[in-house]
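Shown below: my_file_3.pdb, with PDB, C-alpha atoms.
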```pdb
ATOM      1  CA  MET A  13      10.363 -15.639 -97.402
ATOM      2  CA  ASN A  14      11.483 -17.442 -94.255
ATOM      3  CA  ILE A  15      11.647 -21.256 -94.559
ATOM      4  CA  HIS A  16       9.446 -21.655 -91.484
ATOM      5  CA  ARG A  17       6.818 -19.445 -93.104
ATOM      6  CA  TRP A  18       6.953 -21.604 -96.226
ATOM      7  CA  ILE A  19       6.387 -24.730 -94.114
ATOM      8  CA  LYS A  20       3.589 -23.115 -92.131
ATOM      9  CA  ALA A  21       1.820 -21.964 -95.294
ATOM     10  CA  GLY A  22       2.453 -25.162 -97.269
ATOM     11  CA  TRP A  23       1.586 -28.024 -94.937
ATOM     12  CA  PRO A  24      -2.236 -27.555 -94.765
ATOM     13  CA  PRO A  25      -2.838 -27.895 -98.549
ATOM     14  CA  LEU A  26      -0.254 -30.702 -98.692
ATOM     15  CA  VAL A  27      -2.157 -32.636 -96.024
ATOM     16  CA  VAL A  28      -5.418 -32.104 -97.931
ATOM     17  CA  VAL A  29      -3.875 -33.380-101.178
ATOM     18  CA  ILE A  30      -2.458 -36.485 -99.456
ATOM     19  CA  LEU A  31      -5.831 -37.155 -97.809
ATOM     20  CA  LEU A  32      -7.678 -36.840-101.130
ATOM     21  CA  LEU A  33      -5.217 -39.193-102.840
ATOM     22  CA  PHE A  34      -5.654 -41.710 -99.997
ATOM     23  CA  ILE A  35      -9.460 -41.572-100.308
ATOM     24  CA  TRP A  36      -9.145 -41.900-104.103
ATOM     25  CA  GLN A  37      -6.930 -44.974-103.732
ATOM     26  CA  LEU A  38      -9.310 -46.633-101.264
ATOM     27  CA  ALA A  39     -12.392 -45.833-103.376
ATOM     28  CA  VAL A  40     -10.888 -47.331-106.536
ATOM     29  CA  THR A  41      -9.525 -50.398-104.704
ATOM     30  CA  TRP A  42     -12.714 -51.208-102.810
ATOM     31  CA  GLY A  43     -15.051 -50.186-105.626
ATOM     32  CA  GLY A  44     -13.329 -52.376-108.194
ATOM     33  CA  THR A  45     -13.342 -49.586-110.799
ATOM     34  CA  ALA A  46     -11.801 -50.522-114.140
ATOM     35  CA  ASP A  47      -8.336 -49.051-114.674
ATOM     36  CA  TRP A  48      -9.255 -47.682-118.103
ATOM     37  CA  LEU A  49     -12.111 -45.710-116.526
ATOM     38  CA  LEU A  50     -10.573 -44.399-113.289
ATOM     39  CA  PRO A  51      -7.072 -45.632-112.409
ATOM     40  CA  SER A  52      -5.790 -45.440-108.864
ATOM     41  CA  PRO A  53      -3.074 -42.943-107.863
ATOM     42  CA  LEU A  54      -0.576 -45.788-107.451
ATOM     43  CA  LYS A  55      -1.254 -47.063-110.973
ATOM     44  CA  ILE A  56      -0.922 -43.541-112.350
ATOM     45  CA  TRP A  57       2.443 -43.220-110.592
ATOM     46  CA  ARG A  58       3.662 -46.610-111.905
ATOM     47  CA  ASP A  59       2.628 -45.897-115.489
ATOM     48  CA  GLY A  60       4.070 -42.408-115.263
ATOM     49  CA  THR A  61       7.489 -43.701-114.253
ATOM     50  CA  THR A  62       7.326 -46.456-116.903
ATOM     51  CA  ASP A  63       6.466 -44.055-119.730
ATOM     52  CA  MET A  64       8.645 -41.209-118.415
ATOM     53  CA  PRO A  65      11.196 -41.136-121.300
ATOM     54  CA  ARG A  66       8.408 -40.427-123.792
ATOM     55  CA  VAL A  67       6.627 -38.043-121.426
ATOM     56  CA  TRP A  68       9.917 -36.211-120.866
ATOM     57  CA  MET A  69      10.344 -35.636-124.602
ATOM     58  CA  HIS A  70       6.829 -34.237-124.959
ATOM     59  CA  MET A  71       7.217 -32.122-121.814
ATOM     60  CA  TRP A  72      10.332 -30.362-123.114
ATOM     61  CA  ALA A  73       8.576 -29.632-126.409
ATOM     62  CA  THR A  74       5.738 -27.966-124.475
ATOM     63  CA  ILE A  75       8.168 -26.012-122.276
ATOM     64  CA  ARG A  76       9.984 -24.695-125.335
ATOM     65  CA  LEU A  77       6.716 -23.668-126.965
ATOM     66  CA  MET A  78       5.281 -21.944-123.908
ATOM     67  CA  CYS A  79       8.504 -20.071-123.110
ATOM     68  CA  ILE A  80       8.745 -18.602-126.610
ATOM     69  CA  GLY A  81       5.047 -17.723-126.726
ATOM     70  CA  PHE A  82       5.132 -16.244-123.224
ATOM     71  CA  SER A  83       8.147 -14.090-124.053
ATOM     72  CA  VAL A  84       6.586 -12.741-127.241
ATOM     73  CA  GLY A  85       3.239 -12.068-125.562
ATOM     74  CA  ALA A  86       4.774 -10.433-122.481
ATOM     75  CA  ILE A  87       7.120  -8.167-124.450
ATOM     76  CA  GLY A  88       4.336  -7.231-126.835
ATOM     77  CA  GLY A  89       2.004  -6.513-123.914
ATOM     78  CA  VAL A  90       4.468  -4.157-122.230
ATOM     79  CA  LEU A  91       5.213  -2.323-125.486
ATOM     80  CA  VAL A  92       1.547  -1.912-126.405
ATOM     81  CA  ALA A  93       0.645  -0.758-122.871
ATOM     82  CA  SER A  94       3.456   1.820-122.977
ATOM     83  CA  VAL A  95       2.352   3.140-126.364
ATOM     84  CA  LEU A  96      -1.309   3.354-125.347
ATOM     85  CA  HIS A  97      -0.395   5.130-122.121
ATOM     86  CA  ARG A  98       1.829   7.694-123.768
ATOM     87  CA  LEU A  99      -0.532   8.315-126.691
ATOM     88  CA  PRO A 100      -4.018   8.910-125.216
ATOM     89  CA  PHE A 101      -5.654   9.399-128.620
ATOM     90  CA  VAL A 102      -4.414   5.946-129.689
ATOM     91  CA  LYS A 103      -5.618   4.460-126.403
ATOM     92  CA  ALA A 104      -9.089   5.941-126.949
ATOM     93  CA  GLY A 105      -9.369   3.994-130.196
ATOM     94  CA  PHE A 106      -7.751   0.680-129.263
ATOM     95  CA  TYR A 107      -8.603   0.183-125.575
ATOM     96  CA  PRO A 108     -12.271  -0.793-126.206
ATOM     97  CA  LEU A 109     -11.131  -3.194-128.918
ATOM     98  CA  LEU A 110      -8.767  -4.879-126.455
ATOM     99  CA  ILE A 111     -11.677  -5.452-124.112
ATOM    100  CA  LEU A 112     -13.920  -6.768-126.886
ATOM    101  CA  SER A 113     -11.212  -9.145-128.120
ATOM    102  CA  GLN A 114     -11.437 -11.084-124.864
ATOM    103  CA  ASN A 115     -14.971 -12.216-125.744
ATOM    104  CA  ILE A 116     -13.478 -14.470-128.433
ATOM    105  CA  PRO A 117     -12.647 -17.927-127.004
ATOM    106  CA  VAL A 118      -8.982 -18.694-127.539
ATOM    107  CA  ILE A 119      -9.694 -22.217-128.705
ATOM    108  CA  ALA A 120     -11.940 -20.779-131.461
ATOM    109  CA  LEU A 121      -8.950 -18.949-132.932
ATOM    110  CA  GLY A 122      -6.931 -22.137-133.330
ATOM    111  CA  PRO A 123      -8.598 -23.502-136.490
ATOM    112  CA  LEU A 124      -8.502 -20.041-138.090
ATOM    113  CA  LEU A 125      -4.787 -19.669-137.361
ATOM    114  CA  ILE A 126      -4.136 -23.118-138.820
ATOM    115  CA  ILE A 127      -6.016 -22.166-142.006
ATOM    116  CA  LEU A 128      -4.012 -18.946-142.298
ATOM    117  CA  PHE A 129      -0.552 -20.200-141.287
ATOM    118  CA  GLY A 130      -0.594 -23.981-141.657
ATOM    119  CA  PHE A 131       0.310 -26.677-139.130
ATOM    120  CA  GLY A 132       3.781 -25.419-138.272
ATOM    121  CA  LEU A 133       5.145 -23.614-135.238
ATOM    122  CA  LEU A 134       3.864 -20.128-136.118
ATOM    123  CA  PRO A 135       0.105 -20.583-135.401
ATOM    124  CA  LYS A 136       0.915 -22.192-132.035
ATOM    125  CA  LEU A 137       3.172 -19.303-131.042
ATOM    126  CA  ILE A 138       0.558 -16.764-132.114
ATOM    127  CA  LEU A 139      -2.083 -18.534-130.010
ATOM    128  CA  ILE A 140       0.097 -18.630-126.882
ATOM    129  CA  SER A 141       1.242 -15.037-127.397
ATOM    130  CA  LEU A 142      -2.370 -13.856-127.613
ATOM    131  CA  VAL A 143      -3.226 -15.703-124.398
ATOM    132  CA  CYS A 144      -0.325 -14.036-122.573
ATOM    133  CA  PHE A 145      -0.680 -10.626-124.196
ATOM    134  CA  PHE A 146      -3.924  -9.422-122.643
ATOM    135  CA  PRO A 147      -3.165  -9.899-118.894
ATOM    136  CA  VAL A 148       0.219  -8.181-119.262
ATOM    137  CA  THR A 149      -1.213  -5.296-121.286
ATOM    138  CA  MET A 150      -4.140  -4.617-118.970
ATOM    139  CA  SER A 151      -2.137  -4.977-115.748
ATOM    140  CA  THR A 152       0.604  -2.656-117.005
ATOM    141  CA  LEU A 153      -1.917  -0.067-118.173
ATOM    142  CA  ASP A 154      -3.592  -0.216-114.767
ATOM    143  CA  GLY A 155      -0.212   0.334-113.129
ATOM    144  CA  PHE A 156       0.440   3.401-115.250
ATOM    145  CA  MET A 157      -2.970   4.837-114.353
ATOM    146  CA  GLN A 158      -2.400   4.233-110.628
ATOM    147  CA  THR A 159       0.730   6.413-110.537
ATOM    148  CA  ASP A 160       0.925   8.740-107.525
ATOM    149  CA  ARG A 161      -0.527  12.004-108.810
ATOM    150  CA  SER A 162       1.217  14.147-106.193
ATOM    151  CA  MET A 163       4.610  12.807-107.322
ATOM    152  CA  TYR A 164       3.572  13.251-110.940
ATOM    153  CA  ASN A 165       2.649  16.893-110.325
ATOM    154  CA  TYR A 166       5.861  17.449-108.370
ATOM    155  CA  MET A 167       8.031  16.130-111.204
ATOM    156  CA  GLN A 168       6.183  18.353-113.657
ATOM    157  CA  MET A 169       6.719  21.312-111.327
ATOM    158  CA  ILE A 170      10.506  20.784-111.185
ATOM    159  CA  GLY A 171      10.684  20.642-114.981
ATOM    160  CA  ALA A 172      10.933  16.899-115.683
ATOM    161  CA  SER A 173      10.124  15.914-119.256
ATOM    162  CA  LYS A 174       7.419  13.389-120.128
ATOM    163  CA  ARG A 175      10.136  10.870-120.956
ATOM    164  CA  GLN A 176      11.789  11.352-117.549
ATOM    165  CA  ILE A 177       8.445  11.077-115.765
ATOM    166  CA  PHE A 178       7.677   7.858-117.632
ATOM    167  CA  TYR A 179      10.992   6.100-116.949
ATOM    168  CA  LYS A 180      11.631   7.421-113.421
ATOM    169  CA  LEU A 181       8.097   7.440-111.986
ATOM    170  CA  GLU A 182       5.391   5.738-114.040
ATOM    171  CA  LEU A 183       7.320   2.659-115.174
ATOM    172  CA  PRO A 184       8.761   1.819-111.710
ATOM    173  CA  HIS A 185       5.322   2.341-110.181
ATOM    174  CA  ALA A 186       3.765  -0.028-112.743
ATOM    175  CA  LEU A 187       6.237  -2.861-112.078
ATOM    176  CA  PRO A 188       4.163  -4.589-109.339
ATOM    177  CA  PHE A 189       1.125  -4.469-111.641
ATOM    178  CA  LEU A 190       3.234  -5.762-114.527
ATOM    179  CA  PHE A 191       4.395  -8.752-112.487
ATOM    180  CA  THR A 192       0.792  -9.502-111.554
ATOM    181  CA  GLY A 193       0.034  -9.775-115.259
ATOM    182  CA  LEU A 194       3.164 -11.838-115.841
ATOM    183  CA  LYS A 195       2.175 -14.339-113.137
ATOM    184  CA  ILE A 196      -1.260 -14.739-114.679
ATOM    185  CA  SER A 197       0.251 -15.105-118.148
ATOM    186  CA  ALA A 198       2.753 -17.667-116.858
ATOM    187  CA  THR A 199      -0.054 -20.065-115.985
ATOM    188  CA  TYR A 200      -2.004 -19.186-119.133
ATOM    189  CA  SER A 201       1.029 -19.941-121.298
ATOM    190  CA  VAL A 202       0.995 -23.607-120.255
ATOM    191  CA  MET A 203      -2.719 -23.847-121.014
ATOM    192  CA  GLY A 204      -2.212 -22.088-124.350
ATOM    193  CA  ALA A 205       0.617 -24.438-125.330
ATOM    194  CA  VAL A 206      -1.454 -27.537-124.573
ATOM    195  CA  ILE A 207      -4.459 -26.181-126.500
ATOM    196  CA  ALA A 208      -2.204 -25.345-129.454
ATOM    197  CA  GLU A 209      -0.837 -28.897-129.420
ATOM    198  CA  TRP A 210      -4.367 -30.297-129.315
ATOM    199  CA  LEU A 211      -5.291 -28.405-132.453
ATOM    200  CA  GLY A 212      -2.349 -29.576-134.485
ATOM    201  CA  GLY A 213       1.111 -30.978-133.944
ATOM    202  CA  ASN A 214       3.151 -34.132-133.580
ATOM    203  CA  VAL A 215       4.885 -33.492-130.265
ATOM    204  CA  GLY A 216       4.103 -31.958-126.875
ATOM    205  CA  LEU A 217       1.924 -32.783-123.881
ATOM    206  CA  GLY A 218      -1.239 -31.810-125.749
ATOM    207  CA  TYR A 219      -0.382 -34.216-128.553
ATOM    208  CA  TYR A 220       0.536 -36.879-125.964
ATOM    209  CA  MET A 221      -2.911 -36.494-124.362
ATOM    210  CA  ILE A 222      -4.624 -36.921-127.734
ATOM    211  CA  LEU A 223      -2.726 -40.179-128.273
ATOM    212  CA  GLN A 224      -3.622 -41.523-124.825
ATOM    213  CA  LYS A 225      -7.280 -40.568-125.282
ATOM    214  CA  SER A 226      -7.382 -42.624-128.500
ATOM    215  CA  ALA A 227      -5.859 -45.571-126.631
ATOM    216  CA  PHE A 228      -8.238 -45.197-123.631
ATOM    217  CA  ARG A 229      -5.243 -44.756-121.314
ATOM    218  CA  ALA A 230      -6.792 -42.653-118.550
ATOM    219  CA  ASP A 231      -3.763 -43.327-116.340
ATOM    220  CA  ARG A 232      -1.428 -41.556-118.767
ATOM    221  CA  GLU A 233      -3.948 -38.750-119.223
ATOM    222  CA  PHE A 234      -3.666 -38.138-115.477
ATOM    223  CA  VAL A 235       0.127 -38.213-115.769
ATOM    224  CA  ALA A 236      -0.009 -35.453-118.396
ATOM    225  CA  ILE A 237      -2.472 -33.422-116.305
ATOM    226  CA  GLY A 238      -0.193 -33.702-113.269
ATOM    227  CA  ILE A 239       2.816 -32.498-115.262
ATOM    228  CA  ILE A 240       0.802 -29.563-116.654
ATOM    229  CA  VAL A 241      -0.166 -28.525-113.118
ATOM    230  CA  ILE A 242       3.454 -28.791-111.942
ATOM    231  CA  LEU A 243       4.712 -26.741-114.911
ATOM    232  CA  SER A 244       2.129 -24.035-114.201
ATOM    233  CA  LEU A 245       3.152 -23.833-110.543
ATOM    234  CA  LEU A 246       6.877 -23.793-111.305
ATOM    235  CA  PHE A 247       6.493 -21.054-113.925
ATOM    236  CA  PHE A 248       4.343 -18.998-111.540
ATOM    237  CA  TRP A 249       6.923 -19.367-108.734
ATOM    238  CA  LEU A 250       9.721 -18.431-111.127
ATOM    239  CA  ILE A 251       8.006 -15.138-112.004
ATOM    240  CA  ALA A 252       7.194 -14.538-108.318
ATOM    241  CA  GLY A 253      10.870 -15.065-107.467
ATOM    242  CA  LEU A 254      11.959 -12.587-110.135
ATOM    243  CA  GLU A 255       9.449 -10.099-108.718
ATOM    244  CA  LYS A 256      11.041 -10.328-105.275
ATOM    245  CA  LEU A 257      14.497  -9.783-106.748
ATOM    246  CA  ILE A 258      13.538  -6.822-108.936
ATOM    247  CA  ILE A 259      11.036  -4.873-106.820
ATOM    248  CA  ARG A 260      12.269  -5.336-103.280
ATOM    249  CA  TRP A 261      10.453  -2.269-101.952
ATOM    250  CA  ASN A 262       7.070  -3.748-102.851
ATOM    251  CA  VAL A 263       7.927  -7.121-101.317
ATOM    252  CA  LYS A 264       9.033  -5.535 -98.038
ATOM    253  CA  ARG A 265       5.906  -3.434 -97.858
ATOM    254  CA  SER A 266       3.604  -6.396 -98.534
ATOM    255  CA  SER A 267       5.327  -8.819 -96.148
TER
END
```
Could you take the file, read its structure, and then write that structure out as structure tokens?
Amino acid sequence: MNIHRWIKAGWPPLVVVILLLFIWQLAVTWGGTADWLLPSPLKIWRDGTTDMPRVWMHMWATIRLMCIGFSVGAIGGVLVASVLHRLPFVKAGFYPLLILSQNIPVIALGPLLIILFGFGLLPKLILISLVCFFPVTMSTLDGFMQTDRSMYNYMQMIGASKRQIFYKLELPHALPFLFTGLKISATYSVMGAVIAEWLGGNVGLGYYMILQKSAFRADREFVAIGIIVILSLLFFWLIAGLEKLIIRWNVKRSS
């Protein structure tokens, strides 16, 4: 994307954010609100820079956790979607169960996973992988089903095998849908990592937030929230950048 287009698209929300922070600062200053209840943006910034070494350690623990969980969930989602697409009788049995599984709140699975697998790394990775698995699976399946039928019929007519049709037509056609699922899962992976750290752990942004809640440090809670938002945006932009590099034809058509 052109740099001027980035600036044109980015300055309106940036102005709104700056305006909201300015109003927040004035409201807290003039209202005399206690810092433990609602700290001002300037105090949040000062405490964030003061406590940054500790925040940095917890942030890297969360990044490591979400990257592993995202990778497992995304790979598993693509594999399951491919199997269900190529084996319709299997899809008929498992597809409704995939839909039903989304009625279970993710946070409700945490205690069960801890009972089954303990307080180590495994239950956290399973939780994040499950969060990332569903968007990738459903988006990829939708991409397979949206394949151009005229091209599909043409490849059958010229004698292409099912394997050739899958790798040369259906899979490339599903890539934009796959990246849509990956972008959704990228943001979900951060949320899943923080929830997993809430439920049990001794490091990570979720654990850091639990500590600050016990100490009534609302300023450091806001610091953690800000970092979580930034991580979600950066991960989303990373996947979006990979999409532009890998599927150039779709980017050109949509721009």
When you look at range 132-142 of chain A with a cut-off of 8 Å (counting all atoms listed in the file), what residues show up, excluding the ones that are within fewer than 6 positions of it in the same chain? I need them as JSON, numbers by chain. {"A": [77, 78, 80, 81, 82, 83, 84, 85, 86, 118, 121, 122, 125, 126, 201, 204, 205, 208, 209, 213]}
Measuring atom to atom with all atoms listed in the file, identify which of A:Val215, A:Leu223, A:Ile239, A:Leu187 is nearest to Ile258 in chain A.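 Closest to Ile258 in chain A, using all atoms listed in the file: A:Leu187.
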Identify all residues satisfying the PyMOL selection byres ((chain A and resi 224) around 12) in the given file; provide them as an MDAnalysis selection string. chainID A and resid 48 63 67 217:223 225:237
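Computed from the coordinates, the CA of Ser151 in chain A to CA of Thr192 in chain A distance equals 6.8 Å.
We find CA of Val148 in chain A and CA of Leu91 in chain A to be spaced 9.9 Å apart.
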Around all listed atoms of range 118-121 of chain A, padded 3 Å per side, what centre and edge lengths does the axis-aligned box have in Å to one decimal, as AutoDock Vina command-line options?
```
--center_x -10.4 --center_y -20.5 --center_z -130.2 --size_x 9.0 --size_y 9.5 --size_z 11.4
```
